[in-house]
>>> print(open('entry_12.pdb').read())   # PDB, C-alpha atoms
MODEL        1
ATOM      1  CA  MET A 647      22.397 107.482  87.227
ATOM      2  CA  LEU A 648      19.300 109.638  87.641
ATOM      3  CA  THR A 649      16.460 108.638  89.928
ATOM      4  CA  THR A 650      13.318 110.159  91.357
ATOM      5  CA  LEU A 651      13.581 109.971  95.130
ATOM      6  CA  LYS A 652      10.619 108.449  96.893
ATOM      7  CA  THR A 653      10.163 110.781  99.819
ATOM      8  CA  THR A 654       7.938 113.603 100.887
ATOM      9  CA  TYR A 655       9.250 116.886  99.544
ATOM     10  CA  SER A 656      10.141 119.180 102.409
ATOM     11  CA  ASP A 657      10.761 122.866 101.926
ATOM     12  CA  THR A 658      14.322 123.034 103.260
ATOM     13  CA  ARG A 659      16.744 125.880 102.698
ATOM     14  CA  ALA A 660      20.373 126.063 101.667
ATOM     15  CA  SER A 661      21.129 127.688 105.031
ATOM     16  CA  ASP A 662      19.865 124.519 106.788
ATOM     17  CA  LEU A 663      22.738 122.430 105.386
ATOM     18  CA  ALA A 664      25.341 121.221 107.845
ATOM     19  CA  TRP A 665      28.660 119.441 107.309
ATOM     20  CA  ALA A 666      30.095 116.516 109.266
ATOM     21  CA  LEU A 667      32.998 114.088 109.003
ATOM     22  CA  GLY A 668      32.977 110.603 110.461
ATOM     23  CA  ARG A 669      29.220 109.969 110.730
ATOM     24  CA  GLU A 670      27.919 106.442 110.467
ATOM     25  CA  PRO A 671      25.961 105.644 107.290
ATOM     26  CA  LEU A 672      22.562 107.328 107.404
ATOM     27  CA  PRO A 673      19.395 105.933 105.792
ATOM     28  CA  ALA A 674      19.699 106.489 102.037
ATOM     29  CA  LEU A 675      17.083 106.913  99.323
ATOM     30  CA  ALA A 676      19.542 105.982  96.551
ATOM     31  CA  VAL A 677      23.040 104.473  96.603
ATOM     32  CA  LEU A 678      25.760 104.014  93.993
ATOM     33  CA  ASP A 679      28.678 101.699  94.852
ATOM     34  CA  LEU A 680      31.863 102.254  92.848
ATOM     35  CA  GLN A 681      35.306 100.651  92.695
ATOM     36  CA  LEU A 682      37.865 103.250  91.572
ATOM     37  CA  ASP A 683      41.180 101.409  91.370
ATOM     38  CA  ASP A 684      41.842 100.394  95.004
ATOM     39  CA  ALA A 685      39.246 102.786  96.447
ATOM     40  CA  GLN A 686      35.701 101.766  97.301
ATOM     41  CA  VAL A 687      33.323 104.716  97.127
ATOM     42  CA  GLN A 688      29.676 104.782  98.034
ATOM     43  CA  LEU A 689      27.602 107.783  96.954
ATOM     44  CA  ARG A 690      24.453 108.107  99.059
ATOM     45  CA  LEU A 691      21.495 110.399  98.457
ATOM     46  CA  LEU A 692      19.711 111.156 101.693
ATOM     47  CA  GLY A 693      16.276 112.641 102.213
ATOM     48  CA  ALA A 694      18.140 115.742 103.338
ATOM     49  CA  SER A 695      21.077 115.754 100.870
ATOM     50  CA  HIS A 696      24.226 113.557 100.597
ATOM     51  CA  GLN A 697      26.778 111.283 102.197
ATOM     52  CA  VAL A 698      29.992 109.900 100.668
ATOM     53  CA  LEU A 699      31.749 106.876 102.150
ATOM     54  CA  LEU A 700      35.320 106.207 101.002
ATOM     55  CA  GLU A 701      37.450 103.213 101.939
ATOM     56  CA  GLU A 702      40.911 102.232 100.765
ATOM     57  CA  GLU A 703      44.177 100.905 102.204
ATOM     58  CA  HIS A 704      45.005 104.237 103.888
ATOM     59  CA  GLY A 705      41.744 104.381 105.831
ATOM     60  CA  THR A 706      38.156 105.479 105.616
ATOM     61  CA  CYS A 707      36.347 108.775 105.224
ATOM     62  CA  SER A 708      32.681 109.604 105.728
ATOM     63  CA  GLU A 709      31.448 113.023 104.615
ATOM     64  CA  THR A 710      27.884 114.147 105.245
ATOM     65  CA  VAL A 711      26.334 117.359 103.947
ATOM     66  CA  ALA A 712      22.699 117.424 104.935
ATOM     67  CA  CYS A 713      19.977 119.096 106.916
ATOM     68  CA  MET A 714      20.749 117.393 110.223
ATOM     69  CA  PRO A 715      18.503 118.352 113.135
ATOM     70  CA  GLY A 716      20.565 119.290 116.152
ATOM     71  CA  SER A 717      23.812 119.673 114.198
ATOM     72  CA  SER A 718      26.005 122.482 115.463
ATOM     73  CA  THR A 719      28.353 122.573 112.450
ATOM     74  CA  PRO A 720      26.933 124.762 109.676
ATOM     75  CA  LEU A 721      28.131 124.353 106.123
ATOM     76  CA  PRO A 722      31.654 125.843 106.050
ATOM     77  CA  LEU A 723      33.096 127.680 103.053
ATOM     78  CA  GLY A 724      36.271 125.607 103.360
ATOM     79  CA  VAL A 725      37.925 122.924 105.475
ATOM     80  CA  ALA A 726      41.399 121.365 105.360
ATOM     81  CA  LYS A 727      42.093 118.465 107.727
ATOM     82  CA  ARG A 728      44.424 115.566 108.207
ATOM     83  CA  LEU A 729      42.653 112.231 108.475
ATOM     84  CA  GLY A 730      45.320 109.692 109.386
ATOM     85  CA  ASP A 731      47.505 109.360 106.271
ATOM     86  CA  TRP A 732      45.109 111.495 104.221
ATOM     87  CA  GLU A 733      44.675 115.157 103.560
ATOM     88  CA  TYR A 734      41.025 116.170 103.276
ATOM     89  CA  GLU A 735      39.929 119.390 101.587
ATOM     90  CA  PHE A 736      36.335 120.610 101.346
ATOM     91  CA  ALA A 737      34.892 123.770  99.811
ATOM     92  CA  ALA A 738      31.304 124.991  99.463
ATOM     93  CA  HIS A 739      29.737 127.815  97.485
ATOM     94  CA  VAL A 740      26.149 129.076  97.490
ATOM     95  CA  GLU A 741      24.918 130.679  94.279
ATOM     96  CA  THR A 742      21.644 132.600  93.960
ATOM     97  CA  LEU A 743      20.120 132.547  90.474
ATOM     98  CA  SER A 744      17.084 134.034  88.745
ATOM     99  CA  ARG A 745      14.215 131.618  88.091
ATOM    100  CA  GLY A 746      15.126 131.228  84.398
ATOM    101  CA  SER A 747      18.836 130.839  85.068
ATOM    102  CA  PHE A 748      18.120 128.364  87.861
ATOM    103  CA  ALA A 749      15.999 126.110  85.611
ATOM    104  CA  GLY A 750      18.666 126.107  82.893
ATOM    105  CA  ARG A 751      21.496 125.382  85.340
ATOM    106  CA  ALA A 752      19.451 122.572  86.948
ATOM    107  CA  GLN A 753      18.893 120.904  83.568
ATOM    108  CA  GLU A 754      22.573 121.280  82.685
ATOM    109  CA  LEU A 755      23.780 119.682  85.935
ATOM    110  CA  LEU A 756      21.272 116.830  85.818
ATOM    111  CA  ALA A 757      22.298 116.055  82.223
ATOM    112  CA  LEU A 758      25.996 116.088  83.239
ATOM    113  CA  VAL A 759      25.499 113.623  86.083
ATOM    114  CA  ALA A 760      22.654 111.404  84.781
ATOM    115  CA  ASP A 761      24.681 109.492  82.180
ATOM    116  CA  HIS A 762      28.077 109.651  83.874
ATOM    117  CA  PRO A 763      29.283 106.211  85.079
ATOM    118  CA  HIS A 764      30.466 107.771  88.371
ATOM    119  CA  GLY A 765      27.470 110.040  88.901
ATOM    120  CA  LEU A 766      24.312 109.834  90.986
ATOM    121  CA  ALA A 767      21.470 112.349  90.938
ATOM    122  CA  GLY A 768      18.061 112.307  92.523
ATOM    123  CA  THR A 769      15.143 114.639  91.945
ATOM    124  CA  PHE A 770      12.686 115.311  94.729
ATOM    125  CA  PRO A 771       8.928 115.148  94.183
ATOM    126  CA  GLY A 772       7.136 118.482  94.203
ATOM    127  CA  SER A 773       9.555 120.447  92.034
ATOM    128  CA  PRO A 774      11.308 119.398  88.797
ATOM    129  CA  HIS A 775      14.359 121.435  89.799
ATOM    130  CA  ALA A 776      14.759 120.202  93.399
ATOM    131  CA  PHE A 777      17.645 117.741  93.301
ATOM    132  CA  THR A 778      20.898 116.515  94.758
ATOM    133  CA  ALA A 779      23.622 115.403  92.336
ATOM    134  CA  MET A 780      27.049 113.857  92.932
ATOM    135  CA  LEU A 781      30.016 113.053  90.720
ATOM    136  CA  VAL A 782      33.209 111.269  91.842
ATOM    137  CA  GLN A 783      36.571 110.588  90.186
ATOM    138  CA  ARG A 784      39.981 109.184  91.026
ATOM    139  CA  ARG A 785      43.099 110.775  89.545
ATOM    140  CA  GLU A 786      46.747 110.628  90.516
ATOM    141  CA  GLY A 787      46.103 108.792  93.790
ATOM    142  CA  GLN A 788      43.377 111.186  94.927
ATOM    143  CA  VAL A 789      39.635 110.734  95.133
ATOM    144  CA  SER A 790      37.555 113.827  94.564
ATOM    145  CA  TRP A 791      33.868 114.517  94.312
ATOM    146  CA  ARG A 792      31.561 117.375  93.530
ATOM    147  CA  THR A 793      27.990 117.769  94.689
ATOM    148  CA  TRP A 794      25.129 120.102  93.879
ATOM    149  CA  HIS A 795      22.094 120.731  96.076
ATOM    150  CA  ALA A 796      19.249 122.656  94.460
ATOM    151  CA  TYR A 797      16.732 124.790  96.344
ATOM    152  CA  PRO A 798      14.392 126.144  93.648
ATOM    153  CA  GLN A 799      12.019 127.845  96.100
ATOM    154  CA  GLU A 800      14.794 130.299  96.990
ATOM    155  CA  GLY A 801      16.730 130.112  93.717
ATOM    156  CA  GLN A 802      19.846 128.800  95.449
ATOM    157  CA  LEU A 803      22.310 126.184  94.291
ATOM    158  CA  VAL A 804      24.859 124.860  96.778
ATOM    159  CA  ALA A 805      27.973 123.386  95.161
ATOM    160  CA  THR A 806      30.620 121.470  97.105
ATOM    161  CA  ARG A 807      34.009 120.140  96.103
ATOM    162  CA  THR A 808      35.999 117.582  98.105
ATOM    163  CA  ARG A 809      39.450 116.079  97.622
ATOM    164  CA  VAL A 810      40.976 113.268  99.665
ATOM    165  CA  GLY A 811      44.552 112.119  99.060
ATOM    166  CA  VAL A 812      47.543 110.605 100.780
ATOM    167  CA  ARG A 813      49.842 113.135 102.454
ATOM    168  CA  ALA A 814      53.202 113.428 100.724
ATOM    169  CA  ALA A 815      55.143 112.272 103.821
ATOM    170  CA  ALA A 816      52.849 109.244 104.224
ATOM    171  CA  ALA A 817      53.263 108.305 100.558
ATOM    172  CA  VAL A 818      57.074 108.217 100.914
ATOM    173  CA  ALA A 819      57.151 106.302 104.218
TER     174      ALA A 819
ENDMDL
END
>>> encode(input="entry_12.pdb", output="C-alpha cells")
Amino acid sequence: MLTTLKTTYSDTRASDLAWALGREPLPALAVLDLQLDDAQVQLRLLGASHQVLLEEEHGTCSETVACMPGSSTPLPLGVAKRLGDWEYEFAAHVETLSRGSFAGRAQELLALVADHPHGLAGTFPGSPHAFTAMLVQRREGQVSWRTWHAYPQEGQLVATRTRVGVRAAAAVA
C-alpha cells in the first residue's frame, strides 16, 4: 500500500534517527494491520519514521525507529537481544547516493512495496523521494521486516532489517 502522508514536511536527517524497543504505540499517519499465521503485525508510519507492533502467543514486540526528541539511543548498526521466549535481531545501514542514483533507488523501493500485500509506504509532501517504506513476512516461525527511510536532501537512504523468532530452547520446552 502506498500513501501520501498528510503532514508538514520537516527537513530531518538520517543521523537524527533513534531506535527503541518497548515503546507504546505512537501517533501514526498510516497503519497496516496484518495477520501472518498466528502473528498479528501492525506496520505504522509515523511523522518521523516507523513503528512495528508484533503480537503472538510467545509475547509482544514494539520496535520504533524514528526521530524522537530527547532519545538517548541513536540508531545502532546492530542489536541482538532476548525478549522473553524470542530472539530479536536488528541491523541498520546508511547508504549515501548521488542524486540520480537516489531517485532511481527511491522509485525501485516504492514500486517494490506499493503493491506488496504485506507492504506499507508513505511519501512525504515537499519531495517526491522523501519516504518511509516497510515490508514484513513470516517464514519458518519467524517474523521479519525491512524498512527504508529516504532523506533526499542529503542523498541518504537508511535501510533496516529485523528478525524476531522463538529461541530454540523455548521452542522445545
>>> resolve_selection(input="entry_12.pdb", expression="the PyMOL selection byres ((chain A and resi 804-812) around 6)", output="tab-separated table (two decimals) with C-alpha atoms, in the coordinates of the input")
chain	number	residue	atom	x	y	z
A	731	ASP	CA	47.50	109.36	106.27
A	732	TRP	CA	45.11	111.50	104.22
A	733	GLU	CA	44.68	115.16	103.56
A	734	TYR	CA	41.02	116.17	103.28
A	735	GLU	CA	39.93	119.39	101.59
A	736	PHE	CA	36.34	120.61	101.35
A	737	ALA	CA	34.89	123.77	99.81
A	738	ALA	CA	31.30	124.99	99.46
A	739	HIS	CA	29.74	127.82	97.48
A	740	VAL	CA	26.15	129.08	97.49
A	788	GLN	CA	43.38	111.19	94.93
A	789	VAL	CA	39.64	110.73	95.13
A	790	SER	CA	37.56	113.83	94.56
A	791	TRP	CA	33.87	114.52	94.31
A	792	ARG	CA	31.56	117.38	93.53
A	793	THR	CA	27.99	117.77	94.69
A	794	TRP	CA	25.13	120.10	93.88
A	795	HIS	CA	22.09	120.73	96.08
A	803	LEU	CA	22.31	126.18	94.29
A	813	ARG	CA	49.84	113.14	102.45
>>> residues_around(input="entry_12.pdb", residues="Val711 (chain A)", least_positions_apart="5", cutoff="10 Å", atoms="all atoms listed in the file", output="VMD selection string")
chain A and resid 663 to 667 692 694 to 698 720 to 721 793 795 806
>>> write_last_selection(input="entry_12.pdb", atoms="C-alpha atoms", output="mmCIF file, in the coordinates of the input")
data_model
loop_
_atom_site.group_PDB
_atom_site.id
_atom_site.type_symbol
_atom_site.label_atom_id
_atom_site.label_comp_id
_atom_site.auth_asym_id
_atom_site.auth_seq_id
_atom_site.Cartn_x
_atom_site.Cartn_y
_atom_site.Cartn_z
ATOM 1 C CA LEU A 663 22.738 122.430 105.386
ATOM 2 C CA ALA A 664 25.341 121.221 107.845
ATOM 3 C CA TRP A 665 28.660 119.441 107.309
ATOM 4 C CA ALA A 666 30.095 116.516 109.266
ATOM 5 C CA LEU A 667 32.998 114.088 109.003
ATOM 6 C CA LEU A 692 19.711 111.156 101.693
ATOM 7 C CA ALA A 694 18.140 115.742 103.338
ATOM 8 C CA SER A 695 21.077 115.754 100.870
ATOM 9 C CA HIS A 696 24.226 113.557 100.597
ATOM 10 C CA GLN A 697 26.778 111.283 102.197
ATOM 11 C CA VAL A 698 29.992 109.900 100.668
ATOM 12 C CA PRO A 720 26.933 124.762 109.676
ATOM 13 C CA LEU A 721 28.131 124.353 106.123
ATOM 14 C CA THR A 793 27.990 117.769 94.689
ATOM 15 C CA HIS A 795 22.094 120.731 96.076
ATOM 16 C CA THR A 806 30.620 121.470 97.105
#
>>> atom_distance(input="entry_12.pdb", atom1="CA of Gln686 (chain A)", atom2="CA of Glu701 (chain A)")
5.2 Å
>>> atom_distance(input="entry_12.pdb", atom1="CA of Leu648 (chain A)", atom2="CA of Val687 (chain A)")
17.6 Å
>>> residues_around(input="entry_12.pdb", residues="Ala757 (chain A)", least_positions_apart="6", cutoff="12 Å", atoms="only C-alpha atoms", output="ChimeraX atom specification")
/A:647-648,750-751,765-768,779-781
>>> atom_distance(input="entry_12.pdb", atom1="CA of Leu678 (chain A)", atom2="CA of Ala752 (chain A)")
20.8 Å
>>> closest_residue(input="entry_12.pdb", among="A:Glu741, A:Val782, A:Gly772, A:Ser747", to="Ala660 (chain A)", atoms="all atoms listed in the file")
A:Glu741
>>> decode(input="entry_12.pdb", residues="region 755-768 of chain A", atoms="all heavy atoms", output="mmCIF file, in the first residue's frame")
data_model
loop_
_atom_site.group_PDB
_atom_site.id
_atom_site.type_symbol
_atom_site.label_atom_id
_atom_site.label_comp_id
_atom_site.auth_asym_id
_atom_site.auth_seq_id
_atom_site.Cartn_x
_atom_site.Cartn_y
_atom_site.Cartn_z
ATOM 1 N N LEU A 755 12.329 1.095 -4.803
ATOM 2 C CA LEU A 755 11.822 0.647 -3.497
ATOM 3 C C LEU A 755 10.328 0.906 -3.345
ATOM 4 O O LEU A 755 9.589 0.059 -2.835
ATOM 5 C CB LEU A 755 12.598 1.320 -2.368
ATOM 6 C CG LEU A 755 14.031 0.834 -2.211
ATOM 7 C CD1 LEU A 755 14.803 1.737 -1.257
ATOM 8 C CD2 LEU A 755 14.051 -0.617 -1.729
ATOM 9 N N LEU A 756 9.877 2.075 -3.785
ATOM 10 C CA LEU A 756 8.445 2.375 -3.697
ATOM 11 C C LEU A 756 7.630 1.408 -4.554
ATOM 12 O O LEU A 756 6.564 0.951 -4.142
ATOM 13 C CB LEU A 756 8.168 3.826 -4.078
ATOM 14 C CG LEU A 756 8.619 4.845 -3.035
ATOM 15 C CD1 LEU A 756 8.485 6.264 -3.578
ATOM 16 C CD2 LEU A 756 7.848 4.695 -1.734
ATOM 17 N N ALA A 757 8.124 1.058 -5.726
ATOM 18 C CA ALA A 757 7.430 0.090 -6.583
ATOM 19 C C ALA A 757 7.392 -1.292 -5.919
ATOM 20 O O ALA A 757 6.376 -1.986 -5.983
ATOM 21 C CB ALA A 757 8.114 0.004 -7.946
ATOM 22 N N LEU A 758 8.488 -1.698 -5.267
ATOM 23 C CA LEU A 758 8.546 -2.985 -4.580
ATOM 24 C C LEU A 758 7.486 -3.080 -3.484
ATOM 25 O O LEU A 758 6.783 -4.082 -3.360
ATOM 26 C CB LEU A 758 9.935 -3.182 -3.964
ATOM 27 C CG LEU A 758 10.096 -4.367 -3.005
ATOM 28 C CD1 LEU A 758 10.097 -5.674 -3.774
ATOM 29 C CD2 LEU A 758 11.369 -4.226 -2.192
ATOM 30 N N VAL A 759 7.360 -2.027 -2.702
ATOM 31 C CA VAL A 759 6.485 -2.061 -1.528
ATOM 32 C C VAL A 759 5.031 -1.716 -1.860
ATOM 33 O O VAL A 759 4.108 -2.279 -1.275
ATOM 34 C CB VAL A 759 7.034 -1.112 -0.440
ATOM 35 C CG1 VAL A 759 6.101 -1.042 0.752
ATOM 36 C CG2 VAL A 759 8.411 -1.588 0.008
ATOM 37 N N ALA A 760 4.793 -0.826 -2.805
ATOM 38 C CA ALA A 760 3.452 -0.290 -3.071
ATOM 39 C C ALA A 760 2.406 -1.370 -3.336
ATOM 40 O O ALA A 760 1.294 -1.293 -2.814
ATOM 41 C CB ALA A 760 3.500 0.684 -4.241
ATOM 42 N N ASP A 761 2.730 -2.371 -4.121
ATOM 43 C CA ASP A 761 1.750 -3.391 -4.491
ATOM 44 C C ASP A 761 1.894 -4.688 -3.714
ATOM 45 O O ASP A 761 1.197 -5.653 -3.995
ATOM 46 C CB ASP A 761 1.841 -3.671 -5.997
ATOM 47 C CG ASP A 761 1.429 -2.458 -6.816
ATOM 48 O OD1 ASP A 761 0.553 -1.705 -6.363
ATOM 49 O OD2 ASP A 761 2.011 -2.266 -7.900
ATOM 50 N N HIS A 762 2.800 -4.722 -2.757
ATOM 51 C CA HIS A 762 3.011 -5.938 -1.971
ATOM 52 C C HIS A 762 1.915 -6.035 -0.900
ATOM 53 O O HIS A 762 1.629 -5.053 -0.219
ATOM 54 C CB HIS A 762 4.391 -5.905 -1.320
ATOM 55 C CG HIS A 762 4.826 -7.231 -0.808
ATOM 56 N ND1 HIS A 762 4.297 -7.806 0.325
ATOM 57 C CD2 HIS A 762 5.732 -8.119 -1.294
ATOM 58 C CE1 HIS A 762 4.855 -8.979 0.526
ATOM 59 N NE2 HIS A 762 5.736 -9.191 -0.438
ATOM 60 N N PRO A 763 1.290 -7.199 -0.730
ATOM 61 C CA PRO A 763 0.204 -7.317 0.258
ATOM 62 C C PRO A 763 0.663 -7.106 1.706
ATOM 63 O O PRO A 763 -0.158 -6.832 2.573
ATOM 64 C CB PRO A 763 -0.326 -8.736 0.055
ATOM 65 C CG PRO A 763 0.773 -9.474 -0.651
ATOM 66 C CD PRO A 763 1.535 -8.455 -1.444
ATOM 67 N N HIS A 764 1.966 -7.221 1.968
ATOM 68 C CA HIS A 764 2.483 -7.021 3.322
ATOM 69 C C HIS A 764 3.407 -5.806 3.381
ATOM 70 O O HIS A 764 4.334 -5.769 4.194
ATOM 71 C CB HIS A 764 3.232 -8.263 3.806
ATOM 72 C CG HIS A 764 2.380 -9.486 3.829
ATOM 73 N ND1 HIS A 764 2.885 -10.733 3.595
ATOM 74 C CD2 HIS A 764 1.056 -9.659 4.032
ATOM 75 C CE1 HIS A 764 1.911 -11.628 3.652
ATOM 76 N NE2 HIS A 764 0.790 -10.990 3.916
ATOM 77 N N GLY A 765 3.140 -4.829 2.515
ATOM 78 C CA GLY A 765 3.975 -3.641 2.454
ATOM 79 C C GLY A 765 3.196 -2.363 2.697
ATOM 80 O O GLY A 765 2.023 -2.258 2.353
ATOM 81 N N LEU A 766 3.870 -1.392 3.287
ATOM 82 C CA LEU A 766 3.290 -0.073 3.535
ATOM 83 C C LEU A 766 4.370 0.958 3.253
ATOM 84 O O LEU A 766 5.485 0.853 3.766
ATOM 85 C CB LEU A 766 2.819 0.040 4.990
ATOM 86 C CG LEU A 766 2.271 1.396 5.439
ATOM 87 C CD1 LEU A 766 1.023 1.779 4.648
ATOM 88 C CD2 LEU A 766 1.960 1.364 6.940
ATOM 89 N N ALA A 767 4.031 1.943 2.435
ATOM 90 C CA ALA A 767 4.970 3.022 2.119
ATOM 91 C C ALA A 767 4.218 4.341 2.132
ATOM 92 O O ALA A 767 3.058 4.407 1.726
ATOM 93 C CB ALA A 767 5.618 2.799 0.755
ATOM 94 N N GLY A 768 4.890 5.355 2.607
ATOM 95 C CA GLY A 768 4.304 6.686 2.626
ATOM 96 C C GLY A 768 5.309 7.697 2.126
ATOM 97 O O GLY A 768 6.472 7.675 2.534
#
